[in-house]
>>> print(open('input_3.pdb').read())   # PDB, C-alpha atoms
MODEL        1
ATOM      1  CA  MET A   1       0.000   0.000   0.000
ATOM      2  CA  SER A   2       1.409   3.411  -0.918
ATOM      3  CA  ARG A   3       2.039   6.099   1.666
ATOM      4  CA  LYS A   4      -0.523   8.265  -0.142
ATOM      5  CA  SER A   5      -3.245   5.567   0.220
ATOM      6  CA  LEU A   6      -2.415   5.000   3.901
ATOM      7  CA  ALA A   7      -2.624   8.712   4.605
ATOM      8  CA  ALA A   8      -6.013   8.873   2.926
ATOM      9  CA  ILE A   9      -7.356   5.993   5.045
ATOM     10  CA  LEU A  10      -6.076   7.522   8.297
ATOM     11  CA  ALA A  11      -7.490  10.910   7.383
ATOM     12  CA  VAL A  12     -11.085   9.628   7.407
ATOM     13  CA  PRO A  13     -11.340   8.600  11.101
ATOM     14  CA  LEU A  14      -9.249  11.643  12.071
ATOM     15  CA  ALA A  15     -11.718  13.921  10.294
ATOM     16  CA  LEU A  16     -14.622  12.161  12.002
ATOM     17  CA  LEU A  17     -12.911  12.506  15.399
ATOM     18  CA  LEU A  18     -12.315  16.216  14.907
ATOM     19  CA  SER A  19     -15.919  16.650  13.785
ATOM     20  CA  ALA A  20     -17.184  14.801  16.863
ATOM     21  CA  CYS A  21     -15.027  16.927  19.177
ATOM     22  CA  ALA A  22     -16.271  20.116  17.547
ATOM     23  CA  SER A  23     -19.861  18.925  17.874
ATOM     24  CA  GLY A  24     -19.335  17.986  21.534
ATOM     25  CA  ALA A  25     -17.804  21.382  22.314
ATOM     26  CA  ALA A  26     -20.809  23.143  20.831
ATOM     27  CA  ALA A  27     -23.328  21.107  22.829
ATOM     28  CA  PRO A  28     -24.587  22.918  25.942
ATOM     29  CA  ALA A  29     -23.533  21.511  29.303
ATOM     30  CA  GLU A  30     -26.183  20.337  31.720
ATOM     31  CA  GLY A  31     -27.750  23.129  33.789
ATOM     32  CA  THR A  32     -26.207  26.035  31.856
ATOM     33  CA  GLY A  33     -29.336  28.135  32.139
ATOM     34  CA  GLY A  34     -30.043  28.436  28.425
ATOM     35  CA  ALA A  35     -33.638  28.549  27.202
ATOM     36  CA  GLN A  36     -33.457  24.876  26.240
ATOM     37  CA  ASP A  37     -31.519  23.897  29.362
ATOM     38  CA  PRO A  38     -32.940  25.758  32.384
ATOM     39  CA  VAL A  39     -31.341  25.532  35.799
ATOM     40  CA  ARG A  40     -33.782  23.408  37.813
ATOM     41  CA  ILE A  41     -34.008  24.510  41.449
ATOM     42  CA  GLY A  42     -35.934  22.376  43.938
ATOM     43  CA  VAL A  43     -37.812  24.204  46.695
ATOM     44  CA  VAL A  44     -40.483  23.563  49.313
ATOM     45  CA  GLY A  45     -43.015  26.339  48.813
ATOM     46  CA  ALA A  46     -42.798  27.316  45.136
ATOM     47  CA  GLY A  47     -46.030  29.265  45.539
ATOM     48  CA  ASP A  48     -44.220  32.078  47.355
ATOM     49  CA  PRO A  49     -44.397  35.090  44.990
ATOM     50  CA  TYR A  50     -40.710  35.909  45.294
ATOM     51  CA  TRP A  51     -39.787  32.822  43.263
ATOM     52  CA  GLN A  52     -41.361  34.388  40.175
ATOM     53  CA  THR A  53     -39.528  37.618  40.973
ATOM     54  CA  TYR A  54     -36.335  35.603  41.216
ATOM     55  CA  LYS A  55     -36.951  33.857  37.901
ATOM     56  CA  ASP A  56     -37.517  37.235  36.241
ATOM     57  CA  ALA A  57     -34.326  38.655  37.767
ATOM     58  CA  ALA A  58     -32.350  35.628  36.555
ATOM     59  CA  ALA A  59     -33.882  35.926  33.072
ATOM     60  CA  ALA A  60     -32.759  39.568  32.951
ATOM     61  CA  GLU A  61     -29.225  38.238  33.440
ATOM     62  CA  GLY A  62     -29.652  35.680  30.667
ATOM     63  CA  ILE A  63     -30.299  32.651  32.899
ATOM     64  CA  THR A  64     -33.450  30.565  32.543
ATOM     65  CA  VAL A  65     -34.590  29.087  35.860
ATOM     66  CA  GLU A  66     -37.212  26.421  36.484
ATOM     67  CA  ILE A  67     -38.556  26.194  40.021
ATOM     68  CA  VAL A  68     -39.506  22.626  40.989
ATOM     69  CA  ASN A  69     -41.855  22.314  43.955
ATOM     70  CA  PHE A  70     -41.728  19.578  46.582
ATOM     71  CA  ASP A  71     -44.266  19.001  49.336
ATOM     72  CA  ALA A  72     -41.921  17.428  51.880
ATOM     73  CA  TYR A  73     -38.359  18.020  53.063
ATOM     74  CA  ASP A  74     -37.177  14.482  52.400
ATOM     75  CA  GLN A  75     -37.551  14.829  48.614
ATOM     76  CA  PRO A  76     -35.293  17.619  47.216
ATOM     77  CA  ASN A  77     -31.916  16.180  48.291
ATOM     78  CA  PRO A  78     -32.392  12.737  46.677
ATOM     79  CA  ALA A  79     -33.706  14.508  43.570
ATOM     80  CA  LEU A  80     -30.590  16.693  43.447
ATOM     81  CA  SER A  81     -28.297  13.721  43.967
ATOM     82  CA  ALA A  82     -30.070  11.795  41.196
ATOM     83  CA  GLY A  83     -29.577  14.641  38.719
ATOM     84  CA  GLU A  84     -33.256  15.597  38.552
ATOM     85  CA  LEU A  85     -32.276  19.033  39.875
ATOM     86  CA  ASP A  86     -29.279  21.309  39.463
ATOM     87  CA  LEU A  87     -29.714  23.088  42.804
ATOM     88  CA  ASN A  88     -32.069  23.070  45.726
ATOM     89  CA  GLN A  89     -32.907  25.745  48.281
ATOM     90  CA  PHE A  90     -34.983  24.643  51.234
ATOM     91  CA  GLN A  91     -32.697  23.465  54.047
ATOM     92  CA  HIS A  92     -30.286  24.601  56.710
ATOM     93  CA  ILE A  93     -26.789  23.263  57.257
ATOM     94  CA  ILE A  94     -27.754  20.768  59.964
ATOM     95  CA  TYR A  95     -30.433  19.227  57.765
ATOM     96  CA  LEU A  96     -27.952  18.950  54.877
ATOM     97  CA  ALA A  97     -25.283  17.415  57.114
ATOM     98  CA  THR A  98     -27.748  14.871  58.478
ATOM     99  CA  TYR A  99     -28.780  13.888  54.958
ATOM    100  CA  ASN A 100     -25.182  13.596  53.715
ATOM    101  CA  VAL A 101     -24.126  11.338  56.581
ATOM    102  CA  LYS A 102     -27.166   9.072  56.369
ATOM    103  CA  ALA A 103     -27.172   8.829  52.568
ATOM    104  CA  GLY A 104     -23.410   8.737  52.115
ATOM    105  CA  ASP A 105     -23.754  11.771  49.873
ATOM    106  CA  ASP A 106     -21.589  14.848  49.342
ATOM    107  CA  LEU A 107     -23.988  17.688  48.551
ATOM    108  CA  VAL A 108     -22.473  21.074  49.381
ATOM    109  CA  PRO A 109     -23.680  24.608  50.146
ATOM    110  CA  VAL A 110     -22.953  27.140  47.402
ATOM    111  CA  GLY A 111     -24.576  30.186  48.967
ATOM    112  CA  ALA A 112     -26.459  31.443  52.025
ATOM    113  CA  THR A 113     -30.027  32.744  52.003
ATOM    114  CA  ALA A 114     -31.352  33.405  55.515
ATOM    115  CA  ILE A 115     -31.955  32.175  59.015
ATOM    116  CA  TYR A 116     -35.616  31.700  59.855
ATOM    117  CA  PRO A 117     -36.593  31.698  63.510
ATOM    118  CA  LEU A 118     -38.419  28.545  64.532
ATOM    119  CA  GLY A 119     -41.615  29.340  66.392
ATOM    120  CA  LEU A 120     -44.176  27.767  68.713
ATOM    121  CA  TYR A 121     -47.731  28.523  67.586
ATOM    122  CA  SER A 122     -51.090  27.889  69.187
ATOM    123  CA  THR A 123     -54.701  28.402  68.137
ATOM    124  CA  LYS A 124     -55.933  27.691  71.686
ATOM    125  CA  TYR A 125     -53.667  29.702  73.978
ATOM    126  CA  LYS A 126     -52.381  33.267  73.976
ATOM    127  CA  SER A 127     -49.117  32.701  75.840
ATOM    128  CA  VAL A 128     -46.720  29.971  76.883
ATOM    129  CA  ALA A 129     -47.917  30.378  80.457
ATOM    130  CA  ASP A 130     -51.464  29.499  79.379
ATOM    131  CA  ILE A 131     -50.458  26.031  78.168
ATOM    132  CA  PRO A 132     -51.698  23.613  80.847
ATOM    133  CA  ASN A 133     -49.628  20.954  82.573
ATOM    134  CA  GLY A 134     -49.713  17.847  80.438
ATOM    135  CA  GLY A 135     -50.632  19.763  77.288
ATOM    136  CA  THR A 136     -49.210  18.145  74.163
ATOM    137  CA  ILE A 137     -47.017  20.057  71.702
ATOM    138  CA  ALA A 138     -46.386  18.854  68.134
ATOM    139  CA  VAL A 139     -42.845  19.104  66.762
ATOM    140  CA  PRO A 140     -41.371  18.161  63.355
ATOM    141  CA  ASN A 141     -40.303  14.519  63.159
ATOM    142  CA  ASP A 142     -37.163  14.994  61.033
ATOM    143  CA  GLU A 143     -34.107  14.820  63.267
ATOM    144  CA  SER A 144     -32.523  18.237  62.783
ATOM    145  CA  ASN A 145     -35.722  20.265  63.063
ATOM    146  CA  GLN A 146     -36.989  18.091  65.929
ATOM    147  CA  ALA A 147     -33.903  18.863  68.005
ATOM    148  CA  ARG A 148     -34.193  22.570  67.276
ATOM    149  CA  ALA A 149     -37.902  22.525  68.163
ATOM    150  CA  LEU A 150     -37.163  20.801  71.474
ATOM    151  CA  LEU A 151     -34.601  23.485  72.322
ATOM    152  CA  VAL A 152     -37.284  26.118  71.641
ATOM    153  CA  LEU A 153     -39.641  24.346  74.047
ATOM    154  CA  GLN A 154     -36.905  24.039  76.659
ATOM    155  CA  SER A 155     -36.097  27.731  76.420
ATOM    156  CA  ALA A 156     -39.790  28.434  76.947
ATOM    157  CA  GLY A 157     -39.789  26.336  80.119
ATOM    158  CA  LEU A 158     -42.138  23.703  78.741
ATOM    159  CA  ILE A 159     -39.699  20.783  78.864
ATOM    160  CA  SER A 160     -36.282  19.846  80.206
ATOM    161  CA  LEU A 161     -33.822  17.884  78.060
ATOM    162  CA  LYS A 162     -31.222  15.357  79.096
ATOM    163  CA  GLY A 163     -27.800  16.995  79.366
ATOM    164  CA  GLY A 164     -29.269  20.399  78.634
ATOM    165  CA  GLY A 165     -30.120  19.464  75.058
ATOM    166  CA  SER A 166     -28.189  19.631  71.786
ATOM    167  CA  ILE A 167     -28.657  19.484  68.032
ATOM    168  CA  PHE A 168     -29.060  15.728  68.488
ATOM    169  CA  SER A 169     -31.872  15.819  71.064
ATOM    170  CA  THR A 170     -34.975  13.723  70.429
ATOM    171  CA  VAL A 171     -38.291  13.340  72.224
ATOM    172  CA  ALA A 172     -36.695  10.435  74.090
ATOM    173  CA  ASP A 173     -34.436  12.978  75.849
ATOM    174  CA  ILE A 174     -37.333  14.837  77.468
ATOM    175  CA  GLN A 175     -36.950  14.591  81.228
ATOM    176  CA  PRO A 176     -39.714  13.280  83.493
ATOM    177  CA  GLY A 177     -41.604  16.054  85.189
ATOM    178  CA  SER A 178     -41.607  18.362  82.172
ATOM    179  CA  LYS A 179     -44.687  20.576  81.981
ATOM    180  CA  ALA A 180     -45.647  19.616  78.418
ATOM    181  CA  LYS A 181     -45.847  16.382  76.510
ATOM    182  CA  VAL A 182     -44.406  16.263  73.011
ATOM    183  CA  GLU A 183     -45.421  14.363  69.895
ATOM    184  CA  ALA A 184     -43.341  14.231  66.700
ATOM    185  CA  VAL A 185     -45.297  14.541  63.453
ATOM    186  CA  ALA A 186     -44.395  15.245  59.822
ATOM    187  CA  ALA A 187     -43.180  18.831  59.431
ATOM    188  CA  ASP A 188     -45.851  19.610  56.839
ATOM    189  CA  PHE A 189     -48.521  18.389  59.280
ATOM    190  CA  THR A 190     -47.548  20.486  62.321
ATOM    191  CA  ALA A 191     -49.617  23.541  61.377
ATOM    192  CA  SER A 192     -52.709  21.666  60.198
ATOM    193  CA  SER A 193     -52.646  19.552  63.358
ATOM    194  CA  LEU A 194     -52.905  22.575  65.674
ATOM    195  CA  PRO A 195     -56.601  21.957  66.502
ATOM    196  CA  ASP A 196     -55.522  18.642  68.050
ATOM    197  CA  PHE A 197     -52.656  20.027  70.137
ATOM    198  CA  ALA A 198     -51.988  22.697  72.716
ATOM    199  CA  GLY A 199     -49.420  24.098  70.303
ATOM    200  CA  ALA A 200     -47.010  23.184  67.544
ATOM    201  CA  VAL A 201     -43.535  24.182  66.485
ATOM    202  CA  VAL A 202     -43.995  25.064  62.811
ATOM    203  CA  ASN A 203     -41.257  25.452  60.202
ATOM    204  CA  ASN A 204     -41.292  28.769  58.408
ATOM    205  CA  ASP A 205     -42.168  27.149  55.061
ATOM    206  CA  PHE A 206     -45.546  26.138  56.435
ATOM    207  CA  VAL A 207     -46.436  29.219  58.515
ATOM    208  CA  ALA A 208     -47.772  31.533  55.822
ATOM    209  CA  LYS A 209     -49.480  28.877  53.718
ATOM    210  CA  SER A 210     -51.341  27.623  56.794
ATOM    211  CA  GLY A 211     -52.673  31.080  57.584
ATOM    212  CA  LEU A 212     -50.896  31.415  60.919
ATOM    213  CA  THR A 213     -50.251  34.954  62.162
ATOM    214  CA  LYS A 214     -47.914  36.688  64.591
ATOM    215  CA  ASP A 215     -50.782  36.806  67.088
ATOM    216  CA  GLN A 216     -50.604  33.009  67.272
ATOM    217  CA  LEU A 217     -46.831  32.943  67.803
ATOM    218  CA  LEU A 218     -46.035  32.244  71.452
ATOM    219  CA  THR A 219     -42.235  32.096  71.336
ATOM    220  CA  GLN A 220     -39.305  31.480  68.963
ATOM    221  CA  ASP A 221     -35.548  30.964  68.972
ATOM    222  CA  ASP A 222     -32.983  33.733  68.453
ATOM    223  CA  PRO A 223     -31.324  33.702  65.004
ATOM    224  CA  SER A 224     -28.641  36.161  66.151
ATOM    225  CA  ASP A 225     -27.238  33.673  68.671
ATOM    226  CA  PRO A 226     -23.877  32.252  67.435
ATOM    227  CA  SER A 227     -25.220  28.761  68.085
ATOM    228  CA  ALA A 228     -27.762  29.430  65.332
ATOM    229  CA  PHE A 229     -25.085  29.408  62.605
ATOM    230  CA  PRO A 230     -25.770  25.799  61.521
ATOM    231  CA  TYR A 231     -29.389  26.802  60.935
ATOM    232  CA  ILE A 232     -28.441  29.100  58.056
ATOM    233  CA  ASN A 233     -30.459  28.103  54.996
ATOM    234  CA  VAL A 234     -28.469  27.475  51.825
ATOM    235  CA  PHE A 235     -28.482  26.794  48.127
ATOM    236  CA  ALA A 236     -27.095  23.257  47.742
ATOM    237  CA  ALA A 237     -25.444  21.577  44.753
ATOM    238  CA  LYS A 238     -23.620  18.366  43.937
ATOM    239  CA  ALA A 239     -19.976  18.572  45.001
ATOM    240  CA  LYS A 240     -18.788  18.489  41.382
ATOM    241  CA  ASP A 241     -20.796  21.651  40.720
ATOM    242  CA  ALA A 242     -19.539  23.671  43.681
ATOM    243  CA  ASP A 243     -17.655  26.095  41.440
ATOM    244  CA  ASN A 244     -20.212  26.299  38.627
ATOM    245  CA  PRO A 245     -20.185  30.004  37.614
ATOM    246  CA  THR A 246     -23.851  29.982  36.598
ATOM    247  CA  TYR A 247     -24.899  28.669  40.002
ATOM    248  CA  GLN A 248     -22.693  31.212  41.747
ATOM    249  CA  LYS A 249     -24.319  33.962  39.708
ATOM    250  CA  LEU A 250     -27.758  32.692  40.688
ATOM    251  CA  VAL A 251     -26.798  32.924  44.360
ATOM    252  CA  LYS A 252     -25.645  36.498  43.800
ATOM    253  CA  ILE A 253     -28.911  37.375  42.050
ATOM    254  CA  TYR A 254     -30.855  36.005  45.034
ATOM    255  CA  GLN A 255     -28.741  37.888  47.559
ATOM    256  CA  GLU A 256     -28.441  41.211  45.720
ATOM    257  CA  THR A 257     -31.804  41.737  43.988
ATOM    258  CA  ALA A 258     -33.782  44.071  46.249
ATOM    259  CA  SER A 259     -37.189  42.886  45.045
ATOM    260  CA  VAL A 260     -36.253  39.247  45.693
ATOM    261  CA  GLN A 261     -34.956  40.017  49.171
ATOM    262  CA  GLN A 262     -38.088  41.991  49.999
ATOM    263  CA  GLY A 263     -40.179  39.091  48.736
ATOM    264  CA  VAL A 264     -38.351  36.691  51.033
ATOM    265  CA  LEU A 265     -39.014  38.995  53.973
ATOM    266  CA  ASP A 266     -42.678  39.322  53.042
ATOM    267  CA  ALA A 267     -43.112  35.559  52.707
ATOM    268  CA  SER A 268     -41.602  35.043  56.159
ATOM    269  CA  GLY A 269     -43.810  37.643  57.773
ATOM    270  CA  GLY A 270     -40.751  39.805  58.311
ATOM    271  CA  SER A 271     -38.988  37.188  60.428
ATOM    272  CA  ALA A 272     -36.220  36.125  58.016
ATOM    273  CA  VAL A 273     -32.696  37.335  58.738
ATOM    274  CA  LEU A 274     -31.145  37.744  55.284
ATOM    275  CA  LEU A 275     -27.506  36.684  54.926
ATOM    276  CA  LYS A 276     -24.495  36.727  52.589
ATOM    277  CA  THR A 277     -22.312  34.387  54.627
ATOM    278  CA  PRO A 278     -19.058  33.385  52.842
ATOM    279  CA  VAL A 279     -19.357  29.960  51.238
ATOM    280  CA  ALA A 280     -16.124  28.805  52.877
ATOM    281  CA  ASP A 281     -17.713  29.363  56.291
ATOM    282  CA  LEU A 282     -20.807  27.422  55.261
ATOM    283  CA  VAL A 283     -18.685  24.506  54.050
ATOM    284  CA  SER A 284     -16.648  24.550  57.264
ATOM    285  CA  SER A 285     -19.827  24.448  59.352
ATOM    286  CA  LEU A 286     -21.187  21.593  57.236
ATOM    287  CA  LYS A 287     -18.047  19.500  57.683
ATOM    288  CA  LYS A 288     -17.963  20.103  61.446
ATOM    289  CA  THR A 289     -21.622  19.189  61.778
ATOM    290  CA  GLU A 290     -21.115  16.024  59.706
ATOM    291  CA  ASP A 291     -18.213  15.054  61.950
ATOM    292  CA  ASP A 292     -20.341  15.665  65.046
ATOM    293  CA  ILE A 293     -23.124  13.511  63.634
ATOM    294  CA  ARG A 294     -20.744  10.654  62.821
ATOM    295  CA  ALA A 295     -19.332  10.859  66.349
ATOM    296  CA  GLN A 296     -22.830  10.275  67.693
ATOM    297  CA  GLN A 297     -23.309   7.092  65.695
TER     298      GLN A 297
ENDMDL
END
>>> encode(input="input_3.pdb", output="structure tokens")
Amino acid sequence: MSRKSLAAILAVPLALLLSACASGAAAPAEGTGGAQDPVRIGVVGAGDPYWQTYKDAAAAEGITVEIVNFDAYDQPNPALSAGELDLNQFQHIIYLATYNVKAGDDLVPVGATAIYPLGLYSTKYKSVADIPNGGTIAVPNDESNQARALLVLQSAGLISLKGGGSIFSTVADIQPGSKAKVEAVAADFTASSLPDFAGAVVNNDFVAKSGLTKDQLLTQDDPSDPSAFPYINVFAAKAKDADNPTYQKLVKIYQETASVQQGVLDASGGSAVLLKTPVADLVSSLKKTEDDIRAQQ
């Protein structure tokens, strides 16, 4: 075979390879935010008006966002891990750490949003003092929010917790002789179950949609306390996407668009404490919390 013939044969697959590489380079990457490839963000409470404001603000920056609603907290993280979402925004650091350890996952925070005080509500009583001895309080049944809810009740003098309580406390740690009884129920059921209980600790996501008002709030925790840091809510992504510039821009749009921030405040009834915490600090808190959780196992 002549050198000229051999060169011609080799040129064909080489040309095809170069063509394939060029085609691959032109194809959009997953979650780039183009019109045909929107960034899918999972949330709990997509009906809050500020999400449309956020989508509009992102669109003005050339990023198409699709908000995907979930009814329960245990759904958005598995969906993100499975690639059904690009980001989610519904959870605080402790919740994320608990999920990562239990699922063997490595989801990471890529931006802070806010701390939401966790409150005790009642449709029967006007103050904590009015709750009778033996009255039953509903708390969320997921581990991280249950512990936080129990600390709220302890601070209000309704229960005492073994060892003074911690982010790992459960209803089993409630000391005998506590004024109130406690029952753990699904977080999305705490507000609707109020007619059956003396009170309920209700996550912020379910306060407004359930029609609860400040007049029904008996007490809440203090988001300015340094111990509240792990309760900062975050945008979360898969570890491989931690440095995705589009996702980082979306965090910035959320944090720096005045109409979005006002919408978040409005949706929380003015209770949200808006934050721009450095991502490195969020990651550090996540890793410490994961280590603490593993040490408890």
>>> atom_distance(input="input_3.pdb", atom1="atom CA of A:Gln220", atom2="atom CA of A:Pro76")
26.1 Å
>>> resolve_selection(input="input_3.pdb", expression="the PyMOL selection byres ((chain A and resi 241-246) around 12)", output="JSON, numbers by chain")
{"A": [29, 30, 31, 32, 33, 34, 38, 39, 40, 58, 61, 62, 63, 64, 65, 80, 81, 83, 85, 86, 87, 106, 107, 108, 109, 110, 111, 235, 236, 237, 238, 239, 240, 247, 248, 249, 250, 251, 252, 253, 279, 280, 283]}
>>> closest_residue(input="input_3.pdb", among="A:Ala59, A:Phe168, A:Asp37, A:Arg148", to="A:Gln297", atoms="all atoms listed in the file")
A:Phe168
>>> atom_distance(input="input_3.pdb", atom1="atom CA of A:Val128", atom2="atom CA of A:Ala208")
21.1 Å
>>> atom_distance(input="input_3.pdb", atom1="atom CA of A:Leu265", atom2="atom CA of A:Ala97")
25.8 Å
>>> resolve_selection(input="input_3.pdb", expression="the PyMOL selection byres ((chain A and resi 116-125) around 10)", output="PyMOL selection string")
chain A and resi 92+113-115+126-132+137-139+145+148-149+152-153+156+190-191+194-205+207+212-224+228+231-233+265+268+270-274
>>> resolve_selection(input="input_3.pdb", expression="the PyMOL selection byres ((chain A and resi 170) around 10)", output="list in words")
Asn141, Asp142, Glu143, Ser144, Asn145, Gln146, Ala147, Arg148, Ala149, Leu150, Leu151, Leu161, Lys162, Gly165, Ser166, Ile167, Phe168, Ser169, Val171, Ala172, Asp173, Ile174 and Ala184 of chain A
>>> closest_residue(input="input_3.pdb", among="A:Thr98, A:Val68, A:Val44, A:Gly269", to="A:Gly211", atoms="only C-alpha atoms")
A:Gly269
>>> closest_residue(input="input_3.pdb", among="A:Ile94, A:Val234, A:Ile159, A:Ala35", to="A:Asp292", atoms="all atoms listed in the file")
A:Ile94
>>> residues_around(input="input_3.pdb", residues="A:Ala72", least_positions_apart="6", cutoff="9 Å", atoms="only C-alpha atoms", output="list in words")
Val44, Ala186, Ala187 and Asp188 of chain A
>>> residues_near_point(input="input_3.pdb", point="(-36.6, 22.9, 43.4)", cutoff="6 Å", atoms="only C-alpha atoms", output="JSON, numbers by chain")
{"A": [41, 42, 43, 67, 68, 69, 88]}
>>> write_last_selection(input="input_3.pdb", atoms="C-alpha atoms", output="PDB file, in the coordinates of the input")
ATOM      1  CA  ILE A  41     -34.008  24.510  41.449  1.00  0.00           C
ATOM      2  CA  GLY A  42     -35.934  22.376  43.938  1.00  0.00           C
ATOM      3  CA  VAL A  43     -37.812  24.204  46.695  1.00  0.00           C
ATOM      4  CA  ILE A  67     -38.556  26.194  40.021  1.00  0.00           C
ATOM      5  CA  VAL A  68     -39.506  22.626  40.989  1.00  0.00           C
ATOM      6  CA  ASN A  69     -41.855  22.314  43.955  1.00  0.00           C
ATOM      7  CA  ASN A  88     -32.069  23.070  45.726  1.00  0.00           C
TER       8      ASN A  88
END
